[in-house]
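Asks: Below: one structure in structure tokens.
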Amino acid sequence: MTALRKRREDAELLAQPLNGLAPPHAPESEEAIIASALVVPGYLAPMREIVKPDDFYGESQRRIFEALCEVADSGREPDIQAVGGALRDAGRLEQVGGTSRIMYLLGVAAAESSLDGCLDHARVVAARARHRRAIVSCQLWLARSYTQPTPDVAEAIGAFSRELAEVGDSATAGGLVHVRGSVVQAFSDLRNAAAGDGPPPKRIGLRAFDEALGGLFDSDLTIIAARPGMGKTSLAMQAAVEIAAVHGPVAVFSLEMATKQLSMRTVCSQAQVPYSLVRKRAPLDADQWKKLTAAASFIAGLPLYFDDRPKPTIDQIRASLSAMKREVEAKGQRLQAVVIDYIQLIRINLKNGLNLSQGIGEVTGDLKAIAKDLDLPMIALSQLSRELEKEKRAPRLSDLRDSGSIEQDADNVLFIDRPGDNAELILAKSRNDQPGSFSVGWDGPSTRFYDLPTSSYHQ
């Protein structure tokens with residue numbers, strides 16, 4: 001028995017009606033998916049990237065969708081005759097209500113005529129299935145807590161959080177799927193972008209970088225690495241402010257700096273007022289007060305969310321993001337980006353014989369998985385080896401501190417080098433573009449990077 005099948009049977013066993021209420025499901029969407037696939041067989045492939053037979057709650061809908069998939073996988077057209085024949089051969093035609101049931105589905109009024117409508121129904125069914133699996137996970141964990149208590153409560157809660165995150169945040173579609181659905185969706189996105197209907201690129205506000213990479217892309221993990229004091233946090237916060245202002249909510253995990261301190265530094269950077277003056281409570285002139293007031297109002301109005309707990313685990317980061325995702329979605333919004341400052345301050349579990357390098361590797365692998373699951377860009381900061389200071393040279397990939405897995409898991413690796421008054425941003429790795437570098441201005445007092453008239457990307 002497959003794990004997926006076992007999980008579905010667990011769901012049927014445990015996710016029983018409660019106080020007369022059935023477990024979460026969407027019968028109308030289940031019927032609309034089948035009806036649409038029977039009417040327009042070409043819609044089946046892209047829907048299968050979202051929903052699987054085991055996501056269907058209704059037994060007859062599940063069996064019919066299984067037959068649709070089996071017919072399509074055999075290379076035949078999944079029309080009503082072929083699907084009815086497949087159900088008859090499997091001895092399930094009467095079980096699903098016979099041919100009359102399939103004919104009824106053909107006439108379902110909720111059947112969509114557009115691919116977008118069908119995909120919406122598929123997402124609804126997949127979401128209800130995840131909800132049922134979450135119920136099962138909670139019930140199983142509750143039963144284990146009563147019958148198999150553990151002295152390490154934090155570890156038990158962490159394991160439960162990982163299991164629940166796997167249900168709630170990971171893509172529902174699993175296994176091998178045909179390329180057709182991905183091509184259809186990607187080409188639709190391309191057409192929308194060409195027509196100006198798609199979302200704008202997530203740019204960080206530095207012209208050469210944005211022109212070179214096209215901005216930050218969803219599911220990408222971008223590492224910003226430098227020695228202390230080079231401006232890693234400042235660059236990441238400039239990107240966070242730009243994305244929050246243009247696109248929407250951004251989560252910032254400030255592992256090194258308290259929220260109040262980071263917020264004030266960000267305000268000073270935006271106002272271009274030296275942070276040292278504010279920190280020392282030095283007298284400010286009227287113009288500086290005016291700039292700070294305007295910047296504070298602007299930053300306070302952005303959808304920026306901070307978590308400054310010290311040395312969180314990767315499970316705590318994942319749980320915090322899941323909670324924020326639910327919160328912003330309840331407002332009709334979408335989480336747009338995440339900043340982690342910085343990787344080496346994430347608490348690592350070395351109990352299983354892992355060394356520090358392997359532990360960091362697990363962390364970066366998990367960060368990439370979270371970025372992919374949430375489908376948003378993640379910016380994670382990293383320290384560089386102390387050897388770099390001794391050798392007085394530009395950083396390179398081998399200088400990434402504690403782990404070569406950082407380089408392996410990252411989609412982009414950006415180094416900050418400040419050989420003189422200005423700064424050099426070095427794109428040492430890009431999964432989708434050629435490495436290169438460009439010069440930017442650096443205002444030390446306000447800790448802000450800015451474009452130079454001569455800024456351009458050199459590969």
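For the structure tokens, the naming scheme is as follows: chains receive sequential letters (A, B, ...) according to their order of presentation, residues are indexed from 1 within each chain, and ligands are indexed from 1 in presentation order.
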Please provide as number ranges by chain all residues within 7 Å of Ser382 in chain A, with the sequence filter that same-chain residues fewer than 2 positions apart are discarded (counting only C-alpha atoms).

Replies: A: 223-226, 342-344, 380, 384

Asks: Residues near Val440 in chain A, anyone? I mean within 8 Å using only C-alpha atoms, not counting same-chain ones fewer than 3 positions away, as an MDAnalysis selection string.

Replies: chainID A and resid 422:425 449:452 455

Asks: Just the strand (DSSP E or B) stuff from range 262-389 of chain A, please, per backbone DSSP, written as a PyMOL selection string.

Replies: chain A and resi 304-307+313+337-341+347+378-382+384

Asks: Tell me which protein, DNA and RNA residues are within 10 Å of Ala394 in chain A, counting only C-alpha atoms, leaving out same-chain ones fewer than 2 positions away, and put them as a VMD selection string.

Replies: chain A and resid 226 388 to 389 391 to 392 396 399 415 to 419 424 426

Asks: When DSSP is applied to the backbone of this structure, which of range 107-323 of chain A are assigned helix (DSSP H, G or I)? Write them out as a PyMOL selection string.

Replies: chain A and resi 115-147+153-169+179-194+207-213+232-246+259-271+275-279+286-300+314-323

Asks: Hey, can you check how far CA of Leu427 in chain A sits from CA of Ile317 in chain A?

Replies: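 That distance, rounded to one decimal, is 26.7 Å.
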
Asks: Can you tell me which residues surround range 37-54 of chain A at a distance of at most 6 Å, considering only C-alpha atoms, apart from same-chain residues fewer than 3 positions away, and format the answer as a PyMOL selection string?

Replies: chain A and resi 34+62+65-66+79+119+122+126+173+181

Asks: Env of range 92-95 of chain A: 8 Å cut, atoms = only C-alpha atoms, seq-sep filter 6 positions within chain, self excluded. Answer as a PyMOL selection string.

Replies: chain A and resi 60+63+84

Asks: Skip Asp218 in chain A itself and residues of its chain fewer than 2 positions away, then list as a ChimeraX atom specification all residues within 9 Å of it, counting only C-alpha atoms.

Replies: /A:202,216,220-221,336-337,371-372,374-378

Asks: Write the residues of the selection above to a file with C-alpha atoms, as a JSON list (two decimals), in the first residue's frame.

Replies:
[["chain", "number", "residue", "atom", "x", "y", "z"],
["A", 202, "LYS", "CA", 10.30, 42.17, -7.97],
["A", 216, "LEU", "CA", 14.13, 38.64, -7.88],
["A", 220, "ASP", "CA", 14.60, 31.66, -5.81],
["A", 221, "LEU", "CA", 17.02, 31.66, -2.87],
["A", 336, "GLN", "CA", 5.82, 38.51, -1.48],
["A", 337, "ALA", "CA", 9.34, 37.93, -0.09],
["A", 371, "ALA", "CA", 11.08, 29.50, -0.88],
["A", 372, "LYS", "CA", 9.86, 26.91, -3.38],
["A", 374, "LEU", "CA", 5.73, 29.41, -0.66],
["A", 375, "ASP", "CA", 6.61, 30.41, -4.24],
["A", 376, "LEU", "CA", 8.39, 33.64, -3.34],
["A", 377, "PRO", "CA", 11.93, 35.05, -3.41],
["A", 378, "MET", "CA", 13.98, 34.52, -0.26]]

Asks: At a cut-off of 12 Å, using only C-alpha atoms, what residues contact Gln238 in chain A? Leave out same-chain residues fewer than 5 positions from it and give the result as a ChimeraX atom specification.

Replies: /A:203-206,231-233,243-245,250,252,262-263,265-270,299,304,339,379,446-450

Asks: Write the residues you've just listed into a file as a PDB file, in the first residue's frame, and include N, CA and C atoms for each of them.

Replies:
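Writing done, so here's selection29.pdb:
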ATOM      1  N   ARG A 203      11.852  43.995  -8.181  1.00  0.00           N
ATOM      2  CA  ARG A 203      13.160  44.638  -8.289  1.00  0.00           C
ATOM      3  C   ARG A 203      13.621  45.123  -6.926  1.00  0.00           C
ATOM      4  N   ILE A 204      14.948  45.310  -6.777  1.00  0.00           N
ATOM      5  CA  ILE A 204      15.488  45.726  -5.483  1.00  0.00           C
ATOM      6  C   ILE A 204      15.840  47.207  -5.438  1.00  0.00           C
ATOM      7  N   GLY A 205      15.689  47.901  -6.590  1.00  0.00           N
ATOM      8  CA  GLY A 205      15.904  49.340  -6.591  1.00  0.00           C
ATOM      9  C   GLY A 205      17.294  49.780  -6.989  1.00  0.00           C
ATOM     10  N   LEU A 206      18.179  48.852  -7.389  1.00  0.00           N
ATOM     11  CA  LEU A 206      19.500  49.200  -7.930  1.00  0.00           C
ATOM     12  C   LEU A 206      19.487  48.841  -9.414  1.00  0.00           C
ATOM     13  N   GLY A 231      27.601  46.006   4.819  1.00  0.00           N
ATOM     14  CA  GLY A 231      26.298  46.490   4.368  1.00  0.00           C
ATOM     15  C   GLY A 231      25.320  45.412   3.933  1.00  0.00           C
ATOM     16  N   LYS A 232      25.524  44.156   4.398  1.00  0.00           N
ATOM     17  CA  LYS A 232      24.607  43.073   4.025  1.00  0.00           C
ATOM     18  C   LYS A 232      23.164  43.403   4.427  1.00  0.00           C
ATOM     19  N   THR A 233      23.004  43.760   5.699  1.00  0.00           N
ATOM     20  CA  THR A 233      21.657  44.039   6.196  1.00  0.00           C
ATOM     21  C   THR A 233      21.050  45.237   5.476  1.00  0.00           C
ATOM     22  N   ILE A 243      10.314  45.962  -2.370  1.00  0.00           N
ATOM     23  CA  ILE A 243       9.319  44.939  -2.684  1.00  0.00           C
ATOM     24  C   ILE A 243       8.025  45.207  -1.920  1.00  0.00           C
ATOM     25  N   ALA A 244       8.137  45.584  -0.641  1.00  0.00           N
ATOM     26  CA  ALA A 244       6.938  45.863   0.154  1.00  0.00           C
ATOM     27  C   ALA A 244       6.161  47.047  -0.415  1.00  0.00           C
ATOM     28  N   ALA A 245       6.883  48.061  -0.889  1.00  0.00           N
ATOM     29  CA  ALA A 245       6.225  49.260  -1.412  1.00  0.00           C
ATOM     30  C   ALA A 245       5.510  48.988  -2.733  1.00  0.00           C
ATOM     31  N   VAL A 250       6.151  41.637   3.188  1.00  0.00           N
ATOM     32  CA  VAL A 250       7.491  41.046   3.240  1.00  0.00           C
ATOM     33  C   VAL A 250       7.791  40.675   4.693  1.00  0.00           C
ATOM     34  N   VAL A 252      10.639  39.705   7.559  1.00  0.00           N
ATOM     35  CA  VAL A 252      12.059  39.888   7.858  1.00  0.00           C
ATOM     36  C   VAL A 252      12.377  39.201   9.185  1.00  0.00           C
ATOM     37  N   LEU A 262      16.581  47.836  14.055  1.00  0.00           N
ATOM     38  CA  LEU A 262      16.572  47.649  12.603  1.00  0.00           C
ATOM     39  C   LEU A 262      15.588  48.607  11.943  1.00  0.00           C
ATOM     40  N   SER A 263      14.444  48.816  12.582  1.00  0.00           N
ATOM     41  CA  SER A 263      13.459  49.737  12.021  1.00  0.00           C
ATOM     42  C   SER A 263      14.023  51.155  11.922  1.00  0.00           C
ATOM     43  N   ARG A 265      17.212  52.053  11.820  1.00  0.00           N
ATOM     44  CA  ARG A 265      18.257  52.079  10.789  1.00  0.00           C
ATOM     45  C   ARG A 265      17.644  52.174   9.400  1.00  0.00           C
ATOM     46  N   THR A 266      16.541  51.471   9.189  1.00  0.00           N
ATOM     47  CA  THR A 266      15.873  51.502   7.891  1.00  0.00           C
ATOM     48  C   THR A 266      15.286  52.882   7.620  1.00  0.00           C
ATOM     49  N   VAL A 267      14.711  53.490   8.649  1.00  0.00           N
ATOM     50  CA  VAL A 267      14.176  54.846   8.503  1.00  0.00           C
ATOM     51  C   VAL A 267      15.298  55.823   8.158  1.00  0.00           C
ATOM     52  N   CYS A 268      16.435  55.733   8.859  1.00  0.00           N
ATOM     53  CA  CYS A 268      17.568  56.634   8.585  1.00  0.00           C
ATOM     54  C   CYS A 268      18.103  56.438   7.176  1.00  0.00           C
ATOM     55  N   SER A 269      18.165  55.184   6.733  1.00  0.00           N
ATOM     56  CA  SER A 269      18.629  54.910   5.377  1.00  0.00           C
ATOM     57  C   SER A 269      17.688  55.541   4.351  1.00  0.00           C
ATOM     58  N   GLN A 270      16.390  55.404   4.577  1.00  0.00           N
ATOM     59  CA  GLN A 270      15.406  55.976   3.661  1.00  0.00           C
ATOM     60  C   GLN A 270      15.494  57.499   3.665  1.00  0.00           C
ATOM     61  N   ILE A 299       7.895  54.228   6.016  1.00  0.00           N
ATOM     62  CA  ILE A 299       8.261  52.874   6.439  1.00  0.00           C
ATOM     63  C   ILE A 299       7.156  52.267   7.310  1.00  0.00           C
ATOM     64  N   LEU A 304       5.590  45.528   6.180  1.00  0.00           N
ATOM     65  CA  LEU A 304       6.821  44.856   6.617  1.00  0.00           C
ATOM     66  C   LEU A 304       6.564  44.205   7.975  1.00  0.00           C
ATOM     67  N   VAL A 339      13.227  37.805   4.118  1.00  0.00           N
ATOM     68  CA  VAL A 339      14.636  38.129   4.375  1.00  0.00           C
ATOM     69  C   VAL A 339      15.067  37.407   5.649  1.00  0.00           C
ATOM     70  N   ILE A 379      15.676  36.075   0.482  1.00  0.00           N
ATOM     71  CA  ILE A 379      17.017  36.649   0.586  1.00  0.00           C
ATOM     72  C   ILE A 379      17.582  36.208   1.926  1.00  0.00           C
ATOM     73  N   SER A 446      24.485  56.917   6.335  1.00  0.00           N
ATOM     74  CA  SER A 446      23.080  56.486   6.324  1.00  0.00           C
ATOM     75  C   SER A 446      22.931  55.022   5.926  1.00  0.00           C
ATOM     76  N   THR A 447      24.077  54.330   5.742  1.00  0.00           N
ATOM     77  CA  THR A 447      24.125  52.898   5.372  1.00  0.00           C
ATOM     78  C   THR A 447      23.187  52.600   4.209  1.00  0.00           C
ATOM     79  N   ARG A 448      23.444  53.283   3.091  1.00  0.00           N
ATOM     80  CA  ARG A 448      22.572  53.122   1.934  1.00  0.00           C
ATOM     81  C   ARG A 448      23.383  52.960   0.655  1.00  0.00           C
ATOM     82  N   PHE A 449      22.983  52.003  -0.178  1.00  0.00           N
ATOM     83  CA  PHE A 449      23.560  51.831  -1.508  1.00  0.00           C
ATOM     84  C   PHE A 449      22.731  52.639  -2.509  1.00  0.00           C
ATOM     85  N   TYR A 450      23.401  53.159  -3.539  1.00  0.00           N
ATOM     86  CA  TYR A 450      22.670  53.922  -4.554  1.00  0.00           C
ATOM     87  C   TYR A 450      23.355  53.759  -5.903  1.00  0.00           C
TER      88      TYR A 450
END

Asks: To one decimal in Å, tell me the separation between CA of Phe209 in chain A and CA of Ser439 in chain A.

Replies: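 CA of Ser439 in chain A lies 9.9 Å from CA of Phe209 in chain A.
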
Asks: I'd like to know which of A:Ile360, A:Leu321, A:Leu302, A:Arg76 is closest to Glu407 in chain A, using only C-alpha atoms.

Replies: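 Looking only at the distances to Glu407 in chain A, the closest residue turns out to be A:Ile360.
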
Asks: Could you tell me how far CA of Ala195 in chain A sits from CA of Val246 in chain A, in Å to one decimal place?

Replies: 19.3 Å

Asks: So, counting only C-alpha atoms, which residue among A:Met230, A:Cys69, A:Leu190, A:Ala22 is closest to Arg132 in chain A?

Replies: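 Once distances to Arg132 in chain A are computed over only C-alpha atoms, the minimum belongs to A:Ala22.
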